[in-house]
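Enquirer: One structure follows; several queries about it will come next.
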Amino acid sequence: MKYGFDNEKYLRIQSEKIKERISQFGNKLYMEFGGKLFDDYHAVRVLPGFQPDSKLKMLMQLSDYAEIVIVISAVDIEKSKIRGDLGITYDMDVLRLRDEFQNRGLRVGSVVITHYDGQMVADIFRSKLEKLNIKTYLHYTIKGYPSNVALIDSDDGFGKNDYVETTRPLVVVTAPGPGSGKMAVCLSQLYQDNKRGIKAGYAKFETFPIWNLPLKHPVNMAYEAATADLNDVNMIDPFHLEAYGITTVNYNRDIEIFPVMDSIFEGIYGENPYKSPTDMGVNMVGNCIIDDEICRQASNQEIIRRYYAALNTLAKDNSNEHEVNTIEILMKQAKITTDDRKVTVAAKERAATSGNICAAIELADGTIITSETSSLLGTSAALILNALKYLAGIDHSVKLIPANMITPIQNMKVTYLRGNNPRLHTDEVLVALAMLSLNDENCKKAIQQLPKLEGCQVHTTVMLSEVDQKIFKKLGVDLTCEPIIKKKNCFY
């Protein structure tokens with residue numbers, strides 16, 4: 001893999017910047033951590049060389065005087081919102097995050113349920129948390145937020161929220177995903193701390209958009225594609241431009257909320273220490289890009305992947321066309337099409353020739369391997385076998401799994417488990433491969449190649465089953481699918 005990002009430099013200068021910000025506000029700082037605190041695979045994909053646990057490593061250096069508050073929106077609980085990279089709901093991810101943090105020696109102080117308006121599912125989740133002895137607080141929907149500053153900055157606004165009890169100087173506020181209300185939690189705490197005579201500060205640690213890259217840089221456009229469902233829009237920060245005469249990039253929600261920040265800080269300090277939303281951030285990512293072209297190419301590929309994800313969601317009637325249209329506009333601005341994804345072209349070309357369901361994978365060395373559905377194997381299972389044989393130096397004609405072993409598995413699926421699809425899925429092929437590896441050297445060599453699939457690109461000409469999607473995800477493969485659903489030999 002070619003790297004475009006210096007992760008060691010990032011860890012060093014980002015840590016220094018955070019420590020500077022803590023000292024700026026004395027003994028109490030609320031720091032909003034945007035994006036994923038760890039397993040940030042979006043950053044990994046658009047900034048080759050970025051490590052998914054970089055933020056966590058920095059935080060662990062501050063573990064002695066830091067605590068974590070996890071935020072989740074009642075609206076997301078009600079909608080059973082799914083974290084796309086893990087395939088679990090946001091409420092389940094709150095529990096996962098808590099365990100992950102605590103297993104690493106970090107203190108999780110509490111959970112805040114935001115946008116609360118009496119939702120029954122939120123009450124059930126709160127009860128579940130309390131049974132686990134997890135402190136839980138409610139923050140309410142504020143009418144007119146974020147424009148109604150007078151109401152927000154009052155006892156009927158932030159003053160109505162539960163006060164989150166914290167004990168350490170650095171309070172890290174994070175969430176399973178964007179739009180959870182992290183910033184509002186921080187602002188609410190500033191308001192309530194001030195009423196209690198506590199002078200606290202606020203800072204924002206948001207990886208994207210990158211403030212010192214151009215507005216239409218592919219890295220920033222990839223962030224817009226990733227948050228198209230939230231209607232996030234990258235914008236020139238007008239406050240920063242006016243204050244300093246310097247053009248920087250931020251996004252609409254931070255710019256919209258800045259007047260509220262201004263009002264709250266003026267009430268606490270007499271003046272706002274920040275002149276712009278960009279000032280609030282401590283983001284050093286842009287200073288650690290070492291090959292701009294590599295990051296541009298990686299980001300363009302991410303935009304295409306996000307486009308396919310939106311098309312797939314629309315095909316399943318789980319979203320509206322706005323998300324798709326938004327990403328289409330971004331693709332036009334970036335001057336890219338789906339044909340710029342090599343595996344998409346390869347899979348579609350084989351499908352056009354064979355008239356069958358096909359798939360393609362691009363390996364780390366740039367080699368493209370293709371496959372198609374057969375009477376024995378689904379196209380994903382066949383693709384993995386073809387790729388493993390290539391990587392292990394095994395001739396393509398060699399049958400790693402003999403037909404006389406596949407047939408009994410098919411009989412079990414159809415006859416006893418009453419399935420409609422006799423073809424083997426990826427998980428079934430891998431289990432069979434593992435069993436055969438005990439006595440077959442080729443199968444053993446093939447299995448040893450599985451780690452080499454991480455980071456590879458795959459495209460299929462139909463939407464895959466949940467089983468196959470999960471296997472690709474576990475292997476670390478970046479998957480896209482044509483928005484076609486196969487049902488009972490008919491395509492929709």
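Residue numbering restarts at 1 in every chain; chains get A, B, ... in the order shown in the structure tokens, and ligands count up from 1 in that same order.
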Skipping near chain neighbours, those fewer than 6 positions away, what residues fall within 12 Å of region 207-211 of chain A using only C-alpha atoms, listed as a PyMOL selection string?
Expert: chain A and resi 10+14+32-37+40+42-44+46-47+50+54-55+178+217-227+232-237+240+246-254+276-289
Enquirer: Residues as selected, C-alpha atoms, written as a compact mmCIF listing (two decimals), in the first residue's frame, can you do that?
Expert:
# COMPACT_ATOMS: atom_id res chain seq x y z
CA TYR A 10 0.07 13.14 13.62
CA GLN A 14 -2.01 16.43 17.71
CA GLU A 32 -16.05 17.13 21.74
CA PHE A 33 -14.56 14.23 19.82
CA GLY A 34 -16.15 14.05 16.37
CA GLY A 35 -16.11 10.98 14.18
CA LYS A 36 -14.96 7.65 15.55
CA LEU A 37 -12.72 7.78 18.62
CA ASP A 40 -12.06 5.29 12.37
CA HIS A 42 -13.29 6.38 7.05
CA ALA A 43 -10.09 8.22 7.93
CA VAL A 44 -8.08 5.07 7.13
CA VAL A 46 -9.22 8.55 2.67
CA LEU A 47 -5.83 9.11 4.35
CA PHE A 50 -3.79 6.81 9.14
CA SER A 54 -4.82 7.05 16.53
CA LYS A 55 -7.28 9.15 18.54
CA PRO A 178 -22.56 12.08 13.78
CA HIS A 217 -10.44 18.91 -2.01
CA PRO A 218 -11.47 15.24 -2.47
CA VAL A 219 -10.74 14.49 1.21
CA ASN A 220 -13.28 17.11 2.27
CA MET A 221 -15.74 16.06 -0.43
CA ALA A 222 -15.50 12.46 0.78
CA TYR A 223 -16.62 13.69 4.20
CA GLU A 224 -19.67 15.34 2.60
CA ALA A 225 -20.46 12.05 0.85
CA ALA A 226 -20.14 10.17 4.15
CA THR A 227 -22.59 12.52 5.87
CA ASP A 232 -23.93 18.22 6.24
CA VAL A 233 -22.35 20.72 3.87
CA ASN A 234 -18.76 21.92 3.86
CA MET A 235 -18.53 25.70 3.86
CA ILE A 236 -15.99 28.50 3.99
CA ASP A 237 -15.91 29.69 7.60
CA HIS A 240 -12.69 33.10 10.42
CA ILE A 246 -7.79 33.64 6.01
CA THR A 247 -9.95 31.12 4.13
CA THR A 248 -10.67 27.94 6.12
CA VAL A 249 -13.18 25.13 5.79
CA ASN A 250 -15.79 24.08 8.32
CA TYR A 251 -19.26 22.61 8.02
CA ASN A 252 -22.73 24.04 8.27
CA ARG A 253 -23.70 22.77 11.72
CA ASP A 254 -20.65 24.29 13.41
CA SER A 276 -14.60 31.48 14.66
CA PRO A 277 -15.72 27.84 14.57
CA THR A 278 -12.30 26.98 13.13
CA ASP A 279 -10.68 28.47 16.25
CA MET A 280 -12.60 25.97 18.37
CA GLY A 281 -10.95 23.00 16.66
CA VAL A 282 -7.64 21.30 17.39
CA ASN A 283 -7.29 19.43 14.10
CA MET A 284 -3.74 18.84 12.84
CA VAL A 285 -4.61 16.20 10.21
CA GLY A 286 -3.98 18.50 7.25
CA ASN A 287 -0.42 19.10 8.44
CA CYS A 288 0.38 15.38 8.27
CA ILE A 289 -0.48 14.66 4.63
Enquirer: Run DSSP on the backbone of this structure and report the residues of region 8-53 of chain A it assigns to alpha helix (DSSP H), as a ChimeraX atom specification.
Expert: /A:8-24,41-46
Enquirer: CA of Ala243 (chain A) to CA of Phe258 (chain A): how many Å, to one decimal?
Expert: 13.6 Å
Enquirer: In Å to one decimal, how far is CA of Val111 (chain A) from CA of Ile134 (chain A)?
Expert: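 Pair CA of Ile134 (chain A) / CA of Val111 (chain A) returns 7.2 Å.
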Enquirer: With 9 Å as the cut-off and only C-alpha atoms counted, what is the closest atom pair between each nearby residue of region 346-454 of chain A and region 462-484 of chain A? Distances in Å to one decimal, ordered by chain and number, as a Markdown table.
Expert:
| residue | atom | partner | partner_atom | distance |
| --- | --- | --- | --- | --- |
| A:Ile357 | CA | A:Val462 | CA | 6.8 |
| A:Cys358 | CA | A:Val462 | CA | 8.0 |
| A:Ala359 | CA | A:Val462 | CA | 8.7 |
| A:Ser380 | CA | A:Asp468 | CA | 6.9 |
| A:Ala381 | CA | A:Asp468 | CA | 8.2 |
| A:His425 | CA | A:Asp468 | CA | 6.4 |
| A:Thr426 | CA | A:Asp468 | CA | 5.8 |
| A:Asp427 | CA | A:Ile471 | CA | 6.6 |
| A:Leu450 | CA | A:Leu475 | CA | 7.4 |
| A:Pro451 | CA | A:Leu475 | CA | 7.2 |
| A:Lys452 | CA | A:Leu475 | CA | 9.0 |
| A:Leu453 | CA | A:Val477 | CA | 6.4 |
| A:Glu454 | CA | A:Gly476 | CA | 4.4 |
Enquirer: Just to be explicit: take each residue in the selection above, keep C-alpha atoms, and write the result as an mmCIF file, in the first residue's frame.
Expert:
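Output contents, as saved in result.cif:
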data_model
loop_
_atom_site.group_PDB
_atom_site.id
_atom_site.type_symbol
_atom_site.label_atom_id
_atom_site.label_comp_id
_atom_site.auth_asym_id
_atom_site.auth_seq_id
_atom_site.Cartn_x
_atom_site.Cartn_y
_atom_site.Cartn_z
ATOM 1 C CA ILE A 357 -23.966 -12.704 -11.625
ATOM 2 C CA CYS A 358 -20.310 -11.690 -11.343
ATOM 3 C CA ALA A 359 -17.791 -10.134 -8.971
ATOM 4 C CA SER A 380 -18.637 -14.097 -3.606
ATOM 5 C CA ALA A 381 -17.526 -17.566 -2.491
ATOM 6 C CA HIS A 425 -21.907 -18.665 0.752
ATOM 7 C CA THR A 426 -18.514 -17.262 1.688
ATOM 8 C CA ASP A 427 -18.706 -18.415 5.318
ATOM 9 C CA LEU A 450 -6.710 -14.393 4.061
ATOM 10 C CA PRO A 451 -4.964 -11.469 5.852
ATOM 11 C CA LYS A 452 -3.788 -10.229 2.441
ATOM 12 C CA LEU A 453 -7.402 -9.472 1.483
ATOM 13 C CA GLU A 454 -7.581 -6.607 4.000
#
Enquirer: May I have all residues of region 47-172 of chain A that DSSP, computed from the backbone, assigns to strand (DSSP E), given as a PyMOL selection string?
Expert: chain A and resi 66-73+82-83+88-89+107-116+136-140+170-172
Enquirer: Which is closest to Arg96 (chain A) among A:Ala175, A:Ala315, A:Val414, A:Ala382, if we use only C-alpha atoms?
Expert: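 Selected residue with least distance to Arg96 (chain A): A:Ala175.
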Enquirer: Considering only C-alpha atoms, return as a VMD selection string whatever protein or nucleic-acid residues lie within 8 Å of Tyr163 (chain A), sequence-local ones (same chain, fewer than 4 positions apart) excluded.
Expert: chain A and resid 137 189 192
Enquirer: Deliver the residues from the most recent selection as a file, using N, CA and C atoms, as a short mmCIF file (atom, residue, chain, number, x, y, z; two decimals), in the first residue's frame.
Expert:
data_model
loop_
_atom_site.label_atom_id
_atom_site.label_comp_id
_atom_site.auth_asym_id
_atom_site.auth_seq_id
_atom_site.Cartn_x
_atom_site.Cartn_y
_atom_site.Cartn_z
N TYR A 137 -28.27 10.45 31.76
CA TYR A 137 -28.89 11.76 31.85
C TYR A 137 -29.70 12.05 30.59
N GLN A 189 -23.38 21.92 29.35
CA GLN A 189 -22.54 21.82 30.55
C GLN A 189 -21.86 23.15 30.87
N GLN A 192 -24.50 25.29 32.54
CA GLN A 192 -24.84 24.87 33.90
C GLN A 192 -23.65 24.99 34.86
#
Enquirer: Can you measure CA of Leu129 (chain A) to CA of Leu29 (chain A) for me? One decimal in Å is fine.
Expert: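 Interatomic distance, CA of Leu129 (chain A) to CA of Leu29 (chain A): 25.7 Å.
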Enquirer: Leaving out Gly201 (chain A) and any residue of its chain fewer than 5 positions from it, which residues lie within 10 Å of it when counting only C-alpha atoms, given as a list in words?
Expert: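 So the residues in contact are Arg21, Ile22, Gln24, Phe25, Gly26, Asn27, Lys28, Leu29, Tyr30, Met31, Leu170, Cys186, Leu187, Gln189, Leu190, Asp193, Phe265, Ile268, Tyr269 and Pro273 of chain A.
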Enquirer: Generate the output file for the selected residues, C-alpha atoms, as a short mmCIF file (atom, residue, chain, number, x, y, z; two decimals), in the first residue's frame.
Expert:
data_model
loop_
_atom_site.label_atom_id
_atom_site.label_comp_id
_atom_site.auth_asym_id
_atom_site.auth_seq_id
_atom_site.Cartn_x
_atom_site.Cartn_y
_atom_site.Cartn_z
CA ARG A 21 -5.88 23.70 24.70
CA ILE A 22 -6.35 22.05 28.10
CA GLN A 24 -5.71 27.40 28.06
CA PHE A 25 -8.85 26.78 30.12
CA GLY A 26 -7.34 25.78 33.43
CA ASN A 27 -8.90 22.86 35.23
CA LYS A 28 -12.08 22.02 33.30
CA LEU A 29 -12.35 21.37 29.58
CA TYR A 30 -15.17 19.73 27.65
CA MET A 31 -13.69 18.30 24.46
CA LEU A 170 -10.84 16.72 30.89
CA CYS A 186 -20.83 20.46 25.87
CA LEU A 187 -22.61 23.82 25.60
CA GLN A 189 -22.54 21.82 30.55
CA LEU A 190 -20.82 25.19 30.08
CA ASP A 193 -21.25 24.97 35.19
CA PHE A 265 -18.89 32.33 26.19
CA ILE A 268 -19.20 33.05 31.14
CA TYR A 269 -16.06 35.03 30.38
CA PRO A 273 -12.05 33.37 23.41
#
Enquirer: Neighbours of Leu433 (chain A) within 10 Å (only C-alpha atoms; same-chain residues fewer than 4 positions away dropped), as a ChimeraX atom specification?
Expert: /A:385,400-401,427-429,437-438,440,442-444,446-447
